[in-house]
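Peer 1: You'll find target-v7.cif just under this line, and it carries mmCIF, C-alpha atoms and all ligand atoms.
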data_work
#
loop_
_atom_site.label_atom_id
_atom_site.label_comp_id
_atom_site.auth_asym_id
_atom_site.auth_seq_id
_atom_site.Cartn_x
_atom_site.Cartn_y
_atom_site.Cartn_z
CA MET V 1 72.54 19.66 -11.77
CA THR V 2 71.13 16.18 -12.24
CA LYS V 3 71.23 13.52 -9.64
CA SER V 4 71.74 9.85 -10.29
CA SER V 5 68.23 8.49 -10.59
CA SER V 6 68.85 5.50 -8.35
CA ALA V 7 70.64 7.39 -5.60
CA ALA V 8 69.15 7.13 -2.14
CA PRO V 9 66.70 9.96 -1.67
CA ARG V 10 67.99 12.93 0.26
CA HIS V 11 65.74 12.26 3.21
CA ALA V 12 65.73 8.48 3.14
CA PRO V 13 66.90 7.16 6.47
CA ASN V 14 68.07 3.77 5.31
CA GLU V 15 69.58 2.09 2.31
CA PHE V 16 66.33 0.47 1.33
CA PHE V 17 64.55 3.28 -0.47
CA ALA V 18 65.61 4.73 -3.78
CA SER V 19 63.93 7.24 -6.08
CA GLU V 20 63.55 7.70 -9.79
CA HIS V 21 62.46 10.77 -11.75
CA GLY V 22 61.88 12.49 -8.43
CA GLU V 23 59.54 9.79 -7.14
CA LEU V 24 60.14 7.61 -4.15
CA LEU V 25 60.17 3.93 -5.16
CA ILE V 26 58.39 1.35 -3.05
CA ASN V 27 59.57 -2.09 -4.10
CA GLY V 28 60.38 -0.59 -7.49
CA LEU V 29 57.06 1.21 -7.98
CA PRO V 30 56.78 5.01 -8.03
CA VAL V 31 54.90 6.33 -5.03
CA SER V 32 52.19 7.99 -7.17
CA ARG V 33 51.43 4.62 -8.69
CA VAL V 34 51.28 2.93 -5.28
CA ALA V 35 48.92 5.71 -4.19
CA ALA V 36 46.70 4.92 -7.16
CA MET V 37 46.79 1.23 -6.26
CA ALA V 38 45.82 2.08 -2.69
CA GLY V 39 42.79 3.94 -4.01
CA ARG V 40 43.10 6.72 -1.48
CA THR V 41 45.43 8.43 0.91
CA PRO V 42 46.70 8.13 3.57
CA PHE V 43 48.14 4.65 3.31
CA TYR V 44 50.82 2.49 4.82
CA ALA V 45 52.93 0.61 2.29
CA TYR V 46 55.16 -2.24 3.41
CA ASP V 47 57.90 -3.23 0.98
CA ARG V 48 58.24 -7.01 0.83
CA SER V 49 61.73 -6.90 -0.60
CA VAL V 50 62.95 -4.89 2.39
CA ILE V 51 61.46 -7.42 4.80
CA GLU V 52 63.00 -10.29 2.85
CA ARG V 53 66.42 -8.68 2.85
CA ARG V 54 66.26 -8.07 6.58
CA VAL V 55 65.33 -11.69 7.25
CA GLN V 56 68.10 -12.90 4.92
CA THR V 57 70.70 -10.76 6.66
CA LEU V 58 69.68 -12.13 10.03
CA ARG V 59 69.69 -15.70 8.73
CA ARG V 60 73.19 -15.22 7.39
CA LEU V 61 74.56 -13.82 10.65
CA LEU V 62 72.62 -15.75 13.28
CA PRO V 63 74.35 -18.87 14.54
CA PRO V 64 72.77 -22.09 13.30
CA GLY V 65 70.15 -23.38 15.67
CA VAL V 66 69.02 -19.99 16.92
CA GLN V 67 65.35 -19.70 16.01
CA LEU V 68 64.06 -16.46 14.57
CA HIS V 69 60.54 -15.51 15.65
CA TYR V 70 58.40 -12.58 14.58
CA ALA V 71 56.67 -10.66 17.39
CA MET V 72 53.39 -9.88 15.68
CA LYS V 73 52.36 -6.87 17.66
CA ALA V 74 54.91 -4.74 15.79
CA ASN V 75 52.73 -5.16 12.72
CA PRO V 76 49.82 -7.59 12.75
CA MET V 77 48.56 -6.90 9.20
CA PRO V 78 47.37 -10.37 8.10
CA ALA V 79 49.09 -10.32 4.68
CA LEU V 80 52.38 -9.31 6.27
CA VAL V 81 52.04 -11.99 8.94
CA GLY V 82 51.38 -14.44 6.11
CA LEU V 83 54.64 -13.43 4.46
CA MET V 84 56.48 -13.73 7.77
CA ALA V 85 55.00 -17.14 8.49
CA GLN V 86 56.87 -18.43 5.46
CA ARG V 87 60.15 -16.77 6.37
CA VAL V 88 60.62 -17.14 10.13
CA ASP V 89 60.63 -20.10 12.53
CA GLY V 90 57.82 -18.96 14.76
CA LEU V 91 55.33 -16.24 15.65
CA ASP V 92 54.87 -14.59 19.02
CA VAL V 93 51.41 -13.33 19.76
CA ALA V 94 50.20 -11.05 22.52
CA SER V 95 46.42 -11.55 22.43
CA GLY V 96 43.71 -13.95 21.40
CA GLY V 97 43.13 -11.79 18.33
CA GLU V 98 46.74 -12.03 17.24
CA LEU V 99 46.62 -15.77 17.87
CA ARG V 100 43.80 -16.11 15.33
CA VAL V 101 45.81 -14.16 12.73
CA ALA V 102 48.89 -16.33 13.39
CA LEU V 103 46.88 -19.52 12.93
CA ASP V 104 45.22 -18.15 9.79
CA ALA V 105 48.68 -17.39 8.43
CA GLY V 106 49.42 -21.09 8.53
CA MET V 107 52.04 -21.10 11.26
CA ALA V 108 52.16 -24.46 13.02
CA PRO V 109 50.76 -24.12 16.56
CA ALA V 110 53.92 -25.78 17.89
CA ARG V 111 55.81 -22.71 16.66
CA ILE V 112 53.54 -20.05 18.14
CA SER V 113 54.02 -18.61 21.61
CA PHE V 114 51.69 -16.37 23.54
CA ALA V 115 52.96 -13.75 26.00
CA GLY V 116 51.37 -10.78 27.70
CA PRO V 117 50.21 -9.74 31.15
CA GLY V 118 46.58 -10.24 32.11
CA LYS V 119 45.66 -12.99 29.67
CA ARG V 120 41.94 -13.51 30.03
CA GLU V 121 40.49 -16.93 30.67
CA GLY V 122 39.00 -16.95 27.19
CA GLU V 123 42.39 -16.24 25.67
CA LEU V 124 44.05 -18.98 27.71
CA ARG V 125 41.33 -21.36 26.50
CA GLN V 126 42.00 -20.33 22.89
CA ALA V 127 45.73 -20.94 23.36
CA LEU V 128 45.12 -24.30 25.00
CA ALA V 129 42.77 -25.40 22.25
CA ALA V 130 45.26 -24.37 19.59
CA GLY V 131 48.14 -26.08 21.38
CA VAL V 132 50.50 -23.11 21.39
CA LEU V 133 53.22 -22.42 23.95
CA ILE V 134 51.94 -20.13 26.69
CA ASN V 135 54.44 -17.82 28.35
CA VAL V 136 52.84 -17.60 31.78
CA GLU V 137 53.22 -14.32 33.59
CA SER V 138 51.59 -14.99 36.97
CA ALA V 139 50.54 -17.68 39.43
CA ARG V 140 46.93 -16.98 38.47
CA GLU V 141 47.60 -17.91 34.85
CA VAL V 142 49.17 -21.19 35.97
CA GLU V 143 46.18 -22.07 38.18
CA CYS V 144 43.73 -21.08 35.48
CA LEU V 145 45.53 -23.19 32.86
CA ALA V 146 45.59 -26.21 35.18
CA GLN V 147 41.86 -25.87 35.71
CA LEU V 148 41.10 -25.42 32.01
CA SER V 149 43.36 -28.33 31.18
CA ASP V 150 41.55 -30.61 33.66
CA GLU V 151 38.24 -29.49 32.28
CA THR V 152 39.09 -29.98 28.60
CA GLY V 153 41.79 -32.65 28.62
CA TRP V 154 43.98 -30.38 26.46
CA LYS V 155 47.58 -30.24 27.50
CA ALA V 156 48.98 -26.91 28.66
CA ARG V 157 52.44 -26.17 27.27
CA VAL V 158 54.03 -23.45 29.36
CA ALA V 159 57.17 -21.40 29.59
CA VAL V 160 57.68 -18.98 32.44
CA ARG V 161 58.18 -15.38 31.48
CA VAL V 162 60.73 -14.04 33.92
CA ASN V 163 61.04 -10.47 35.09
CA PRO V 164 64.82 -10.50 35.42
CA ASP V 165 66.76 -9.15 38.35
CA PHE V 166 68.64 -6.82 36.00
CA GLU V 167 67.67 -4.00 33.66
CA LEU V 168 68.49 -3.62 30.00
CA ARG V 169 70.92 -0.73 29.70
CA SER V 170 69.95 1.98 27.22
CA ALA V 171 66.75 0.43 25.88
CA GLY V 172 64.22 2.86 24.52
CA MET V 173 61.48 1.15 26.51
CA ARG V 174 62.36 -0.99 29.52
CA MET V 175 60.18 -3.97 30.17
CA GLY V 176 62.18 -5.94 32.70
CA GLY V 177 64.05 -5.41 35.93
CA GLY V 178 62.71 -3.71 39.04
CA PRO V 179 58.97 -3.79 39.69
CA LYS V 180 57.15 -4.59 36.45
CA GLN V 181 53.76 -5.89 35.37
CA PHE V 182 55.49 -8.24 32.92
CA GLY V 183 56.47 -11.76 33.83
CA VAL V 184 57.21 -13.27 37.20
CA ASP V 185 59.97 -11.80 39.35
CA ALA V 186 63.04 -14.02 39.14
CA GLU V 187 62.96 -14.59 42.91
CA GLN V 188 59.37 -15.91 42.71
CA VAL V 189 60.08 -18.26 39.84
CA PRO V 190 61.31 -21.30 41.84
CA ALA V 191 58.04 -21.52 43.77
CA LEU V 192 56.02 -21.16 40.57
CA LEU V 193 58.08 -23.90 38.92
CA ARG V 194 57.29 -26.26 41.80
CA ARG V 195 53.61 -25.45 41.40
CA ILE V 196 53.78 -26.12 37.65
CA GLY V 197 55.31 -29.50 38.48
CA VAL V 198 52.63 -30.31 41.07
CA LEU V 199 49.84 -29.37 38.66
CA GLY V 200 51.41 -31.46 35.89
CA LEU V 201 51.59 -28.75 33.22
CA ALA V 202 54.10 -29.37 30.44
CA PHE V 203 57.01 -27.13 31.33
CA GLU V 204 59.07 -26.13 28.29
CA GLY V 205 61.32 -23.29 29.33
CA PHE V 206 61.79 -19.61 29.96
CA HIS V 207 61.04 -16.35 28.24
CA ILE V 208 63.00 -13.25 29.15
CA TYR V 209 62.23 -10.02 27.34
CA ALA V 210 63.91 -7.01 28.85
CA GLY V 211 63.04 -4.11 26.56
CA SER V 212 62.51 -2.62 23.13
CA GLN V 213 64.29 -0.32 20.65
CA ASN V 214 67.91 -0.94 21.64
CA LEU V 215 70.60 0.33 19.27
CA ASN V 216 73.50 -0.48 21.57
CA ALA V 217 75.13 -3.81 20.66
CA ASP V 218 77.07 -4.05 23.94
CA ALA V 219 73.90 -3.58 25.97
CA LEU V 220 72.14 -6.31 23.97
CA ILE V 221 75.07 -8.69 24.33
CA ASP V 222 75.15 -8.05 28.05
CA MET V 223 71.40 -8.61 28.33
CA GLN V 224 71.52 -11.88 26.37
CA ARG V 225 74.40 -13.19 28.47
CA ARG V 226 72.63 -12.33 31.71
CA SER V 227 69.34 -13.77 30.48
CA PHE V 228 71.11 -17.00 29.57
CA GLU V 229 72.79 -17.28 32.97
CA LEU V 230 69.55 -16.47 34.75
CA ALA V 231 67.64 -19.11 32.79
CA LEU V 232 70.26 -21.78 33.57
CA ARG V 233 70.16 -20.86 37.24
CA LEU V 234 66.34 -20.98 37.36
CA GLY V 235 66.41 -24.21 35.37
CA ASP V 236 67.78 -26.00 38.42
CA ASP V 237 64.33 -25.78 40.00
CA ALA V 238 62.39 -26.65 36.86
CA PRO V 239 60.09 -29.69 36.75
CA GLY V 240 61.64 -30.81 33.47
CA PRO V 241 64.47 -30.15 31.06
CA LEU V 242 64.72 -26.81 29.29
CA LYS V 243 63.42 -27.11 25.76
CA VAL V 244 63.06 -23.46 24.89
CA LEU V 245 64.96 -20.44 25.97
CA ASN V 246 63.47 -17.29 24.50
CA LEU V 247 66.03 -14.52 24.92
CA GLY V 248 63.68 -11.79 23.76
CA GLY V 249 65.11 -9.30 21.32
CA GLY V 250 64.62 -5.61 21.50
CA PHE V 251 66.81 -4.90 18.45
CA GLY V 252 66.27 -1.26 17.53
CA ILE V 253 66.22 0.71 14.30
CA PRO V 254 67.49 4.28 13.87
CA TYR V 255 64.77 6.92 13.72
CA PHE V 256 66.48 10.21 14.45
CA PRO V 257 69.52 12.16 13.26
CA GLY V 258 72.60 10.95 15.08
CA GLU V 259 71.22 7.47 15.70
CA ARG V 260 73.21 4.68 14.13
CA ALA V 261 72.00 1.31 12.97
CA LEU V 262 72.52 -1.55 15.37
CA ALA V 263 75.80 -3.40 14.78
CA LEU V 264 74.38 -6.85 14.10
CA GLU V 265 77.66 -8.77 13.70
CA PRO V 266 78.90 -8.50 17.30
CA VAL V 267 75.45 -9.34 18.65
CA CYS V 268 75.31 -12.46 16.49
CA GLU V 269 78.88 -13.43 17.38
CA ALA V 270 78.07 -13.23 21.07
CA LEU V 271 74.95 -15.30 20.45
CA ALA V 272 77.07 -17.94 18.76
CA VAL V 273 79.14 -18.24 21.95
CA ILE V 274 75.95 -18.61 23.98
CA ALA V 275 74.60 -21.18 21.52
CA ASP V 276 77.80 -23.24 21.87
CA GLU V 277 77.59 -23.11 25.65
CA ALA V 278 73.92 -24.01 25.57
CA ARG V 279 74.77 -27.26 23.79
CA LEU V 280 76.79 -28.27 26.83
CA ARG V 281 74.96 -26.61 29.69
CA ALA V 282 71.36 -27.07 28.52
CA PRO V 283 71.43 -29.86 25.95
CA GLY V 284 68.27 -30.01 23.89
CA ALA V 285 67.32 -26.41 24.61
CA GLU V 286 66.45 -24.30 21.60
CA LEU V 287 67.41 -20.63 21.66
CA VAL V 288 64.83 -18.20 20.31
CA LEU V 289 65.04 -14.56 19.35
CA GLU V 290 61.74 -12.73 18.99
CA LEU V 291 61.99 -9.60 16.92
CA GLY V 292 59.25 -7.21 15.94
CA ARG V 293 60.42 -3.75 15.03
CA TYR V 294 63.76 -4.88 13.61
CA LEU V 295 62.10 -7.16 11.06
CA VAL V 296 59.50 -4.77 9.71
CA GLY V 297 60.09 -1.23 10.95
CA GLU V 298 62.32 -0.07 8.13
CA ALA V 299 60.15 -1.68 5.45
CA GLY V 300 57.18 0.61 5.97
CA VAL V 301 56.33 4.09 4.75
CA TYR V 302 53.27 6.07 5.73
CA VAL V 303 52.11 8.24 2.85
CA CYS V 304 49.66 11.12 3.06
CA ARG V 305 48.60 13.83 0.66
CA VAL V 306 49.06 17.55 1.07
CA THR V 307 45.70 19.27 1.42
CA ASP V 308 46.80 22.80 2.20
CA CYS V 309 49.88 24.98 2.55
CA LYS V 310 49.74 27.96 4.90
CA MET V 311 51.95 30.64 6.32
CA SER V 312 51.36 31.72 9.89
CA ARG V 313 53.39 34.67 11.13
CA GLY V 314 56.39 33.67 9.11
CA GLN V 315 56.19 29.92 9.69
CA ALA V 316 55.26 27.55 6.86
CA PHE V 317 52.73 24.79 7.50
CA VAL V 318 52.09 21.88 5.19
CA VAL V 319 48.73 20.35 6.09
CA VAL V 320 48.28 16.69 5.15
CA ASP V 321 45.35 14.28 5.26
CA GLY V 322 47.04 11.98 7.80
CA GLY V 323 48.46 12.52 11.25
CA MET V 324 48.75 11.40 14.83
CA HIS V 325 45.50 9.42 14.77
CA GLN V 326 47.05 7.14 12.16
CA HIS V 327 50.72 7.35 13.09
CA LEU V 328 50.94 8.12 16.76
CA ALA V 329 54.64 7.28 16.98
CA ALA V 330 55.68 9.72 14.25
CA SER V 331 53.77 12.48 16.04
CA GLY V 332 55.98 11.86 19.06
CA ASN V 333 53.16 10.69 21.29
CA PHE V 334 54.08 6.99 21.61
CA GLY V 335 56.76 6.55 24.22
CA GLN V 336 59.08 9.41 23.25
CA VAL V 337 60.37 11.61 26.04
CA ILE V 338 61.53 14.38 23.72
CA ARG V 339 59.61 14.88 20.49
CA ARG V 340 61.83 14.48 17.43
CA ASN V 341 60.98 14.29 13.75
CA TYR V 342 60.73 10.94 12.07
CA PRO V 343 62.54 10.93 8.72
CA LEU V 344 60.12 12.34 6.18
CA ALA V 345 60.20 13.52 2.56
CA LEU V 346 58.09 15.04 -0.19
CA ALA V 347 57.83 11.72 -1.97
CA ASN V 348 57.03 13.10 -5.42
CA ARG V 349 59.77 15.74 -5.28
CA MET V 350 62.71 13.69 -4.13
CA ASP V 351 64.99 15.44 -6.62
CA GLN V 352 64.14 18.97 -5.56
CA PRO V 353 66.19 20.99 -3.11
CA ALA V 354 64.77 22.11 0.18
CA SER V 355 63.40 25.62 0.06
CA GLY V 356 63.21 26.12 3.79
CA PRO V 357 61.74 24.77 7.00
CA ALA V 358 58.09 23.78 7.13
CA SER V 359 56.01 22.02 9.75
CA VAL V 360 53.95 19.10 8.54
CA VAL V 361 50.67 18.90 10.43
CA GLY V 362 47.56 16.74 10.24
CA PRO V 363 43.85 17.54 10.17
CA LEU V 364 43.15 17.05 13.87
CA CYS V 365 42.10 19.87 16.20
CA THR V 366 45.10 19.52 18.48
CA PRO V 367 48.64 20.90 18.33
CA LEU V 368 49.84 17.35 19.11
CA ASP V 369 48.97 16.46 15.52
CA LEU V 370 52.42 17.19 14.20
CA LEU V 371 54.32 14.90 11.82
CA ALA V 372 57.35 17.14 11.44
CA ASP V 373 58.37 20.22 13.36
CA LYS V 374 60.18 22.76 11.13
CA THR V 375 61.88 20.34 8.78
CA ASP V 376 63.65 21.25 5.54
CA LEU V 377 61.40 20.46 2.59
CA PRO V 378 61.06 21.50 -1.04
CA ASP V 379 58.12 23.81 -1.78
CA ALA V 380 54.92 21.79 -1.46
CA VAL V 381 51.57 22.25 -3.15
CA PRO V 382 48.24 20.55 -2.47
CA GLY V 383 48.23 17.13 -4.08
CA ASP V 384 51.87 16.38 -3.25
CA LEU V 385 52.67 13.24 -1.31
CA VAL V 386 54.48 13.20 2.03
CA ALA V 387 56.22 9.98 3.06
CA VAL V 388 57.15 9.18 6.64
CA PHE V 389 59.85 6.51 6.76
CA GLN V 390 60.63 3.89 9.43
CA SER V 391 56.88 3.32 9.70
CA GLY V 392 56.56 -0.44 9.37
CA ALA V 393 56.30 -1.14 13.10
CA TYR V 394 53.96 0.26 15.76
CA GLY V 395 52.24 2.44 13.17
CA PHE V 396 48.73 1.53 12.03
CA SER V 397 47.88 -0.81 14.89
CA ALA V 398 49.46 1.36 17.60
CA SER V 399 47.50 4.50 16.69
CA PRO V 400 44.17 5.86 17.94
CA LEU V 401 42.47 5.30 14.57
CA GLY V 402 39.05 6.35 15.80
CA PHE V 403 40.16 9.73 17.10
CA LEU V 404 38.16 12.43 15.27
CA GLY V 405 36.36 9.96 13.05
CA HIS V 406 38.49 10.02 9.93
CA PRO V 407 38.52 6.90 7.74
CA GLU V 408 41.26 4.38 8.49
CA PRO V 409 44.40 4.44 6.39
CA VAL V 410 44.78 1.74 3.76
CA GLN V 411 47.51 -0.86 4.25
CA LEU V 412 49.34 -2.41 1.31
CA LEU V 413 52.01 -5.07 1.12
CA VAL V 414 53.87 -4.05 -2.02
C1 LIG B 501 56.75 -6.09 22.07
C2 LIG B 501 57.40 -7.37 22.31
C3 LIG B 501 58.35 -7.87 21.40
C4 LIG B 501 58.78 -7.12 20.19
O1 LIG B 501 59.57 -6.04 20.51
P1 LIG B 501 60.35 -5.23 19.38
O2 LIG B 501 61.05 -4.17 20.11
O3 LIG B 501 59.34 -4.74 18.42
O4 LIG B 501 61.28 -6.20 18.73
C5 LIG B 501 58.91 -9.08 21.66
N1 LIG B 501 58.57 -9.78 22.75
C6 LIG B 501 57.66 -9.35 23.64
C7 LIG B 501 57.32 -10.17 24.81
C8 LIG B 501 57.05 -8.13 23.47
O5 LIG B 501 56.17 -7.69 24.36
#
Starting from the file, lay out its structure as structure tokens.
Ligand SMILES: *Cc1c(COP(=O)(O)O)cnc(C)c1O

Peer 2:
Amino acid sequence: MTKSSSAAPRHAPNEFFASEHGELLINGLPVSRVAAMAGRTPFYAYDRSVIERRVQTLRRLLPPGVQLHYAMKANPMPALVGLMAQRVDGLDVASGGELRVALDAGMAPARISFAGPGKREGELRQALAAGVLINVESAREVECLAQLSDETGWKARVAVRVNPDFELRSAGMRMGGGPKQFGVDAEQVPALLRRIGVLGLAFEGFHIYAGSQNLNADALIDMQRRSFELALRLGDDAPGPLKVLNLGGGFGIPYFPGERALALEPVCEALAVIADEARLRAPGAELVLELGRYLVGEAGVYVCRVTDCKMSRGQAFVVVDGGMHQHLAASGNFGQVIRRNYPLALANRMDQPASGPASVVGPLCTPLDLLADKTDLPDAVPGDLVAVFQSGAYGFSASPLGFLGHPEPVQLLV
């Protein structure tokens, strides 16, 4: 039986990846060719067309006036950030290093914001010199900025990152509500706002980011509504008008069987209602969404080569040249409570039927180095290519690349 050559591959988790003559296509190029371009395996390939389509979809659905920012820590590869800088309204950075990449990418400093707990004095100085918006997360950061500003004469633009008095329901990773190291507790914000006023820093608004990897539209809508109300309430004590209200993001992508893509339409419709209200209740305030994973996660594949195929007491093992040191999340060791397989395929045998379950393991001397636990795959031989999908976010840069001293994977923007 022949399959339509452009049909979505059997194991592809999203509509973005097709195959032809049995080969996975990455932005139209067969995976073996991309591997040759990379020069070696393993490699991460990020498909520009997938990123562009995702941005276009968001642009079409987001209400006018809502700014779309890219949270760089999801994937800080400079070439990818350069592409993003031309497509989104702003970049959010989480370190002095990311700030340099954002500036290199040509993003206007006015459209860069810097969040993160424990910003070092040197990083605050960098941000001040560049003139970016600093999302302050403690009283210490405010005092430090005032001092640096006095010393240098550079104006400190600040927004207060608020640890809200509510939690995001059903987020994969909660980063707000209850005791948290992120932001300033909502109840401490009024006092900090008075201090910002006394010190004469340029207050611009609030930043509320409650969590990551949320696939539940209702939970996101609820979180955005509550963040909006909280910001308006806190705004009463602010030393100036609200110019920016960063509502965070946390839009998730499906990784595992049974997970469904986020329903974007209702989230955007609810945002449109908030945007309308904001025009009346906080005139002049710009709403911002900062998305990381949702913009790039589905665009990336991690490709490694099969080095060995073994049977151990009846169980098949496919050994590849990549693993947890290069893709910690796919190995289940980055935030997952229960280890589940990322979507994965034999990328040069997309048209072949599965022959049975095999575990895909890496070269490290630890049983944690597992890319797939007993997954259905066609028969593999050394030299074949294994592709792990949904690998565009929190892959390369969120992995312990030095563990066991293997060379780093290549990264390509295709
Ligand atoms: C990590 C982070 C993001 C991006 O989160 P995603 O789930 O990748 O969209 C956005 N804002 C802040 C403050 C973050 O720390």

Peer 1: Smallest atom-to-atom distance to Gly335 (chain V): which of V:Leu99, V:Ala398, V:Val296, V:Ala275, using only C-alpha atoms?

Peer 2: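 Ranking V:Leu99, V:Ala398, V:Val296, V:Ala275 by distance to Gly335 (chain V), first place goes to V:Ala398.
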
Peer 1: Please, what is the axis-aligned box for every listed atom of region 57-65 of chain V with 8 Å on each side, as centre and edge lengths in Å to one decimal, as lines of an AutoDock Vina configuration file?

Peer 2:
center_x = 72.1
center_y = -17.1
center_z = 11.2
size_x = 20.9
size_y = 28.6
size_z = 25.0

Peer 1: For a quick check of understanding, using all atoms listed in the file, which of V:Gly200, V:Pro357, V:Gly65, V:Pro400 has the smallest distance to Gly240 (chain V)?

Peer 2: V:Gly200

Peer 1: Taking all atoms listed in the file into account, which of V:Leu232, V:Gly96, V:Gly122, V:His21 comes nearest Cys144 (chain V)?

Peer 2: V:Gly122

Peer 1: Using only C-alpha atoms, I'd like a table of the residues in region 24-81 of chain V that come within 12 Å of region 277-292 of chain V; for each, show the closest atom pair and its distance in Å rounded to one decimal, ordered by chain and ascending number, as a tab-separated table.

Peer 2:
residue	atom	partner	partner_atom	distance
V:Ile51	CA	V:Gly292	CA	11.4
V:Arg54	CA	V:Leu291	CA	11.3
V:Val55	CA	V:Leu291	CA	10.4
V:Leu58	CA	V:Leu291	CA	10.6
V:Arg59	CA	V:Leu289	CA	11.6
V:Leu62	CA	V:Leu289	CA	9.8
V:Pro63	CA	V:Leu287	CA	10.1
V:Pro64	CA	V:Leu287	CA	10.0
V:Gly65	CA	V:Glu286	CA	7.0
V:Val66	CA	V:Leu287	CA	5.0
V:Gln67	CA	V:Val288	CA	4.6
V:Leu68	CA	V:Leu289	CA	5.2
V:His69	CA	V:Glu290	CA	4.5
V:Tyr70	CA	V:Leu291	CA	5.2
V:Ala71	CA	V:Gly292	CA	4.5
V:Met72	CA	V:Gly292	CA	6.4
V:Lys73	CA	V:Gly292	CA	7.1
V:Ala74	CA	V:Gly292	CA	5.0
V:Asn75	CA	V:Gly292	CA	7.6
V:Pro76	CA	V:Gly292	CA	10.0
V:Val81	CA	V:Gly292	CA	11.1

Peer 1: Could you pull out the residues sitting within 9 Å of ligand LIG 501 (chain B), using only C-alpha atoms and all ligand atoms, and write them as a PyMOL selection string?

Peer 2: chain V and resi 69-75+92-94+114-116+135+161+172-173+175+182+207-214+248-252+289-297+393-394

Peer 1: Using the structure just given, write a file holding all heavy atoms for region 45-50 of chain V, as a PDB file, in the first residue's frame.

Peer 2:
ATOM      1  N   ALA V  45      16.936  21.410  14.498  1.00  0.00           N
ATOM      2  CA  ALA V  45      16.545  22.203  13.338  1.00  0.00           C
ATOM      3  C   ALA V  45      15.247  22.925  13.669  1.00  0.00           C
ATOM      4  O   ALA V  45      14.292  22.308  14.155  1.00  0.00           O
ATOM      5  CB  ALA V  45      16.358  21.309  12.119  1.00  0.00           C
ATOM      6  N   TYR V  46      15.249  24.228  13.432  1.00  0.00           N
ATOM      7  CA  TYR V  46      14.059  25.050  13.667  1.00  0.00           C
ATOM      8  C   TYR V  46      13.524  25.506  12.319  1.00  0.00           C
ATOM      9  O   TYR V  46      14.264  26.096  11.519  1.00  0.00           O
ATOM     10  CB  TYR V  46      14.399  26.248  14.552  1.00  0.00           C
ATOM     11  CG  TYR V  46      15.203  25.870  15.783  1.00  0.00           C
ATOM     12  CD1 TYR V  46      16.490  26.383  15.978  1.00  0.00           C
ATOM     13  CD2 TYR V  46      14.693  24.975  16.722  1.00  0.00           C
ATOM     14  CE1 TYR V  46      17.244  26.024  17.090  1.00  0.00           C
ATOM     15  CE2 TYR V  46      15.443  24.612  17.833  1.00  0.00           C
ATOM     16  CZ  TYR V  46      16.717  25.139  18.011  1.00  0.00           C
ATOM     17  OH  TYR V  46      17.463  24.770  19.105  1.00  0.00           O
ATOM     18  N   ASP V  47      12.273  25.199  12.066  1.00  0.00           N
ATOM     19  CA  ASP V  47      11.666  25.469  10.760  1.00  0.00           C
ATOM     20  C   ASP V  47      11.061  26.877  10.766  1.00  0.00           C
ATOM     21  O   ASP V  47      10.082  27.143  11.463  1.00  0.00           O
ATOM     22  CB  ASP V  47      10.582  24.400  10.524  1.00  0.00           C
ATOM     23  CG  ASP V  47       9.914  24.513   9.163  1.00  0.00           C
ATOM     24  OD1 ASP V  47       9.771  25.638   8.654  1.00  0.00           O
ATOM     25  OD2 ASP V  47       9.502  23.461   8.635  1.00  0.00           O
ATOM     26  N   ARG V  48      11.679  27.765   9.969  1.00  0.00           N
ATOM     27  CA  ARG V  48      11.203  29.155   9.949  1.00  0.00           C
ATOM     28  C   ARG V  48       9.741  29.267   9.567  1.00  0.00           C
ATOM     29  O   ARG V  48       9.021  30.124  10.070  1.00  0.00           O
ATOM     30  CB  ARG V  48      11.909  29.975   8.866  1.00  0.00           C
ATOM     31  CG  ARG V  48      13.345  30.151   8.951  1.00  0.00           C
ATOM     32  CD  ARG V  48      13.835  30.741   7.609  1.00  0.00           C
ATOM     33  NE  ARG V  48      15.266  30.559   7.529  1.00  0.00           N
ATOM     34  CZ  ARG V  48      16.141  31.452   7.999  1.00  0.00           C
ATOM     35  NH1 ARG V  48      15.721  32.575   8.511  1.00  0.00           N
ATOM     36  NH2 ARG V  48      17.426  31.207   7.938  1.00  0.00           N
ATOM     37  N   SER V  49       9.328  28.438   8.596  1.00  0.00           N
ATOM     38  CA  SER V  49       7.962  28.600   8.095  1.00  0.00           C
ATOM     39  C   SER V  49       6.945  28.274   9.190  1.00  0.00           C
ATOM     40  O   SER V  49       5.873  28.863   9.246  1.00  0.00           O
ATOM     41  CB  SER V  49       7.733  27.722   6.859  1.00  0.00           C
ATOM     42  OG  SER V  49       7.711  26.357   7.225  1.00  0.00           O
ATOM     43  N   VAL V  50       7.315  27.355  10.078  1.00  0.00           N
ATOM     44  CA  VAL V  50       6.404  27.004  11.166  1.00  0.00           C
ATOM     45  C   VAL V  50       6.295  28.183  12.148  1.00  0.00           C
ATOM     46  O   VAL V  50       5.206  28.529  12.616  1.00  0.00           O
ATOM     47  CB  VAL V  50       6.891  25.727  11.886  1.00  0.00           C
ATOM     48  CG1 VAL V  50       5.999  25.410  13.079  1.00  0.00           C
ATOM     49  CG2 VAL V  50       6.928  24.556  10.915  1.00  0.00           C
TER      50      VAL V  50
END
